[in-house]
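What follows is the content of start-v3.cif, which has mmCIF, C-alpha atoms; chains and numbers go by the auth columns:
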data_entry
loop_
_atom_site.group_PDB
_atom_site.id
_atom_site.type_symbol
_atom_site.label_atom_id
_atom_site.label_comp_id
_atom_site.label_asym_id
_atom_site.label_seq_id
_atom_site.Cartn_x
_atom_site.Cartn_y
_atom_site.Cartn_z
_atom_site.B_iso_or_equiv
_atom_site.auth_seq_id
_atom_site.auth_asym_id
ATOM 1 C CA MET A 1 -8.085 -8.415 25.491 0.00 158 A
ATOM 2 C CA ALA A 2 -4.944 -9.327 23.553 0.00 159 A
ATOM 3 C CA GLN A 3 -2.730 -6.731 21.920 0.00 160 A
ATOM 4 C CA PRO A 4 -2.767 -6.676 18.111 0.00 161 A
ATOM 5 C CA LEU A 5 0.292 -8.131 16.401 0.00 162 A
ATOM 6 C CA LEU A 6 0.915 -4.948 14.362 0.00 163 A
ATOM 7 C CA SER A 7 -0.134 -1.397 15.085 0.00 164 A
ATOM 8 C CA LYS A 8 -2.211 0.411 12.465 0.00 165 A
ATOM 9 C CA SER A 9 0.753 2.603 11.606 0.00 166 A
ATOM 10 C CA THR A 10 3.035 -0.393 11.011 0.00 167 A
ATOM 11 C CA CYS A 11 0.334 -2.159 9.019 0.00 168 A
ATOM 12 C CA ARG A 12 -0.215 0.952 6.885 0.00 169 A
ATOM 13 C CA THR A 13 3.512 1.252 6.176 0.00 170 A
ATOM 14 C CA ALA A 14 3.877 -2.440 5.281 0.00 171 A
ATOM 15 C CA LEU A 15 0.892 -2.298 2.931 0.00 172 A
ATOM 16 C CA THR A 16 2.222 0.882 1.308 0.00 173 A
ATOM 17 C CA VAL A 17 5.568 -0.801 0.621 0.00 174 A
ATOM 18 C CA THR A 18 3.744 -3.847 -0.751 0.00 175 A
ATOM 19 C CA MET A 19 1.619 -1.627 -2.968 0.00 176 A
ATOM 20 C CA TYR A 20 4.683 0.101 -4.432 0.00 177 A
ATOM 21 C CA ALA A 21 6.373 -3.278 -4.912 0.00 178 A
ATOM 22 C CA GLY A 22 3.354 -4.301 -6.999 0.00 179 A
ATOM 23 C CA VAL A 23 3.699 -1.146 -9.075 0.00 180 A
ATOM 24 C CA ALA A 24 7.394 -1.920 -9.603 0.00 181 A
ATOM 25 C CA MET A 25 6.499 -5.467 -10.692 0.00 182 A
ATOM 26 C CA PHE A 26 3.944 -4.013 -13.088 0.00 183 A
ATOM 27 C CA LEU A 27 6.504 -1.662 -14.651 0.00 184 A
ATOM 28 C CA LEU A 28 9.387 -4.147 -14.795 0.00 185 A
ATOM 29 C CA PRO A 29 8.543 -5.695 -18.208 0.00 186 A
ATOM 30 C CA TYR A 30 8.136 -2.237 -19.730 0.00 187 A
ATOM 31 C CA LEU A 31 11.497 -1.084 -18.424 0.00 188 A
ATOM 32 C CA THR A 32 13.327 -4.216 -19.594 0.00 189 A
ATOM 33 C CA GLY A 33 11.655 -4.251 -23.013 0.00 190 A
ATOM 34 C CA ARG A 34 10.014 -7.657 -22.574 0.00 191 A
ATOM 35 C CA ILE A 35 6.394 -6.613 -22.618 0.00 192 A
ATOM 36 C CA PHE A 36 4.957 -9.647 -24.412 0.00 193 A
ATOM 37 C CA THR A 37 6.916 -12.250 -22.458 0.00 194 A
ATOM 38 C CA GLY A 38 6.202 -10.534 -19.127 0.00 195 A
ATOM 39 C CA VAL A 39 2.417 -10.519 -19.291 0.00 196 A
ATOM 40 C CA LEU A 40 2.131 -12.748 -16.214 0.00 197 A
ATOM 41 C CA ILE A 41 4.393 -10.405 -14.235 0.00 198 A
ATOM 42 C CA VAL A 42 2.317 -7.410 -15.339 0.00 199 A
ATOM 43 C CA VAL A 43 -0.916 -9.091 -14.240 0.00 200 A
ATOM 44 C CA LEU A 44 0.556 -10.229 -10.908 0.00 201 A
ATOM 45 C CA GLY A 45 2.034 -6.797 -10.251 0.00 202 A
ATOM 46 C CA ALA A 46 -1.256 -5.052 -10.966 0.00 203 A
ATOM 47 C CA ALA A 47 -3.155 -7.516 -8.774 0.00 204 A
ATOM 48 C CA LEU A 48 -0.666 -7.049 -5.929 0.00 205 A
ATOM 49 C CA ALA A 49 -0.783 -3.259 -6.162 0.00 206 A
ATOM 50 C CA VAL A 50 -4.582 -3.112 -6.242 0.00 207 A
ATOM 51 C CA SER A 51 -5.125 -5.659 -3.476 0.00 208 A
ATOM 52 C CA ALA A 52 -2.531 -4.047 -1.190 0.00 209 A
ATOM 53 C CA GLY A 53 -4.003 -0.602 -1.876 0.00 210 A
ATOM 54 C CA LEU A 54 -7.523 -1.765 -1.074 0.00 211 A
ATOM 55 C CA ALA A 55 -6.343 -3.599 2.039 0.00 212 A
ATOM 56 C CA ARG A 56 -4.518 -0.437 3.139 0.00 213 A
ATOM 57 C CA CYS A 57 -7.708 1.596 2.741 0.00 214 A
ATOM 58 C CA PHE A 58 -9.959 -0.855 4.563 0.00 215 A
ATOM 59 C CA LEU A 59 -7.629 -2.015 7.351 0.00 216 A
ATOM 60 C CA THR A 60 -6.276 1.384 8.354 0.00 217 A
ATOM 61 C CA GLU A 61 -9.520 3.317 7.980 0.00 218 A
ATOM 62 C CA GLY A 62 -9.905 5.990 10.614 0.00 219 A
ATOM 63 C CA ASP A 63 -6.194 6.092 11.415 0.00 220 A
ATOM 64 C CA CYS A 64 -5.490 9.333 9.563 0.00 221 A
ATOM 65 C CA SER A 65 -5.362 11.692 12.491 0.00 222 A
ATOM 66 C CA GLU A 66 -4.276 15.285 12.113 0.00 223 A
ATOM 67 C CA PRO A 67 -0.721 16.213 13.102 0.00 224 A
ATOM 68 C CA ASN A 68 -0.462 18.150 16.362 0.00 225 A
ATOM 69 C CA HIS A 69 0.516 21.399 14.651 0.00 226 A
ATOM 70 C CA MET A 70 -2.652 21.293 12.491 0.00 227 A
ATOM 71 C CA LYS A 71 -5.128 20.879 15.340 0.00 228 A
ATOM 72 C CA GLN A 72 -7.111 23.925 16.307 0.00 229 A
ATOM 73 C CA HIS A 73 -7.579 24.497 20.004 0.00 230 A
ATOM 74 C CA ILE A 74 -10.994 25.799 20.927 0.00 231 A
ATOM 75 C CA PRO A 75 -10.813 28.301 23.807 0.00 232 A
#

Target format structure tokens, applied to this file:
Amino acid sequence: MAQPLLSKSTCRTALTVTMYAGVAMFLLPYLTGRIFTGVLIVVLGAALAVSAGLARCFLTEGDCSEPNHMKQHIP
């Protein structure tokens, strides 16, 4: 069986960065004061943030393991 191109951890990190980039795109027209002329950027930014967030949830599901210091050892 072939190895996946990206590990789940790398995929999760890339999708998180993409999600925050979408949020930044969404906020850009508000920060520059061009709300009415930047409607397309707002819509694209929101779509990017939502789609990357959903992809992050679905593609990395089950990869949220507990850190080693949080695990309880049963005697």

Just give me the gap between atom CA of A:Gln160 and atom CA of A:Met176 in Å, one decimal is fine.
25.8 Å

To verify the selection step, state as a list in words which residues the PyMOL selection byres ((chain A and resi 208) around 12) yields on this input.
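Selection result, ordered by chain and number: Leu172, Thr173, Thr175, Met176, Tyr177, Ala178, Gly179, Val180, Leu201, Gly202, Ala203, Ala204, Leu205, Ala206, Val207, Ala209, Gly210, Leu211, Ala212, Arg213, Cys214, Phe215 and Leu216 of chain A.
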
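The spacing separating atom CA of A:Lys165 from atom CA of A:Thr217 amounts to 5.9 Å.
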
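Closest approach to A:Val200 among A:Leu162, A:Val174, A:Cys168, A:Leu184: A:Leu184, based on all atoms listed in the file.
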
Please measure the separation of atom CA of A:Ala181 and atom CA of A:Thr194, giving the value in Å to one decimal.
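These atoms are spaced 16.5 Å apart.
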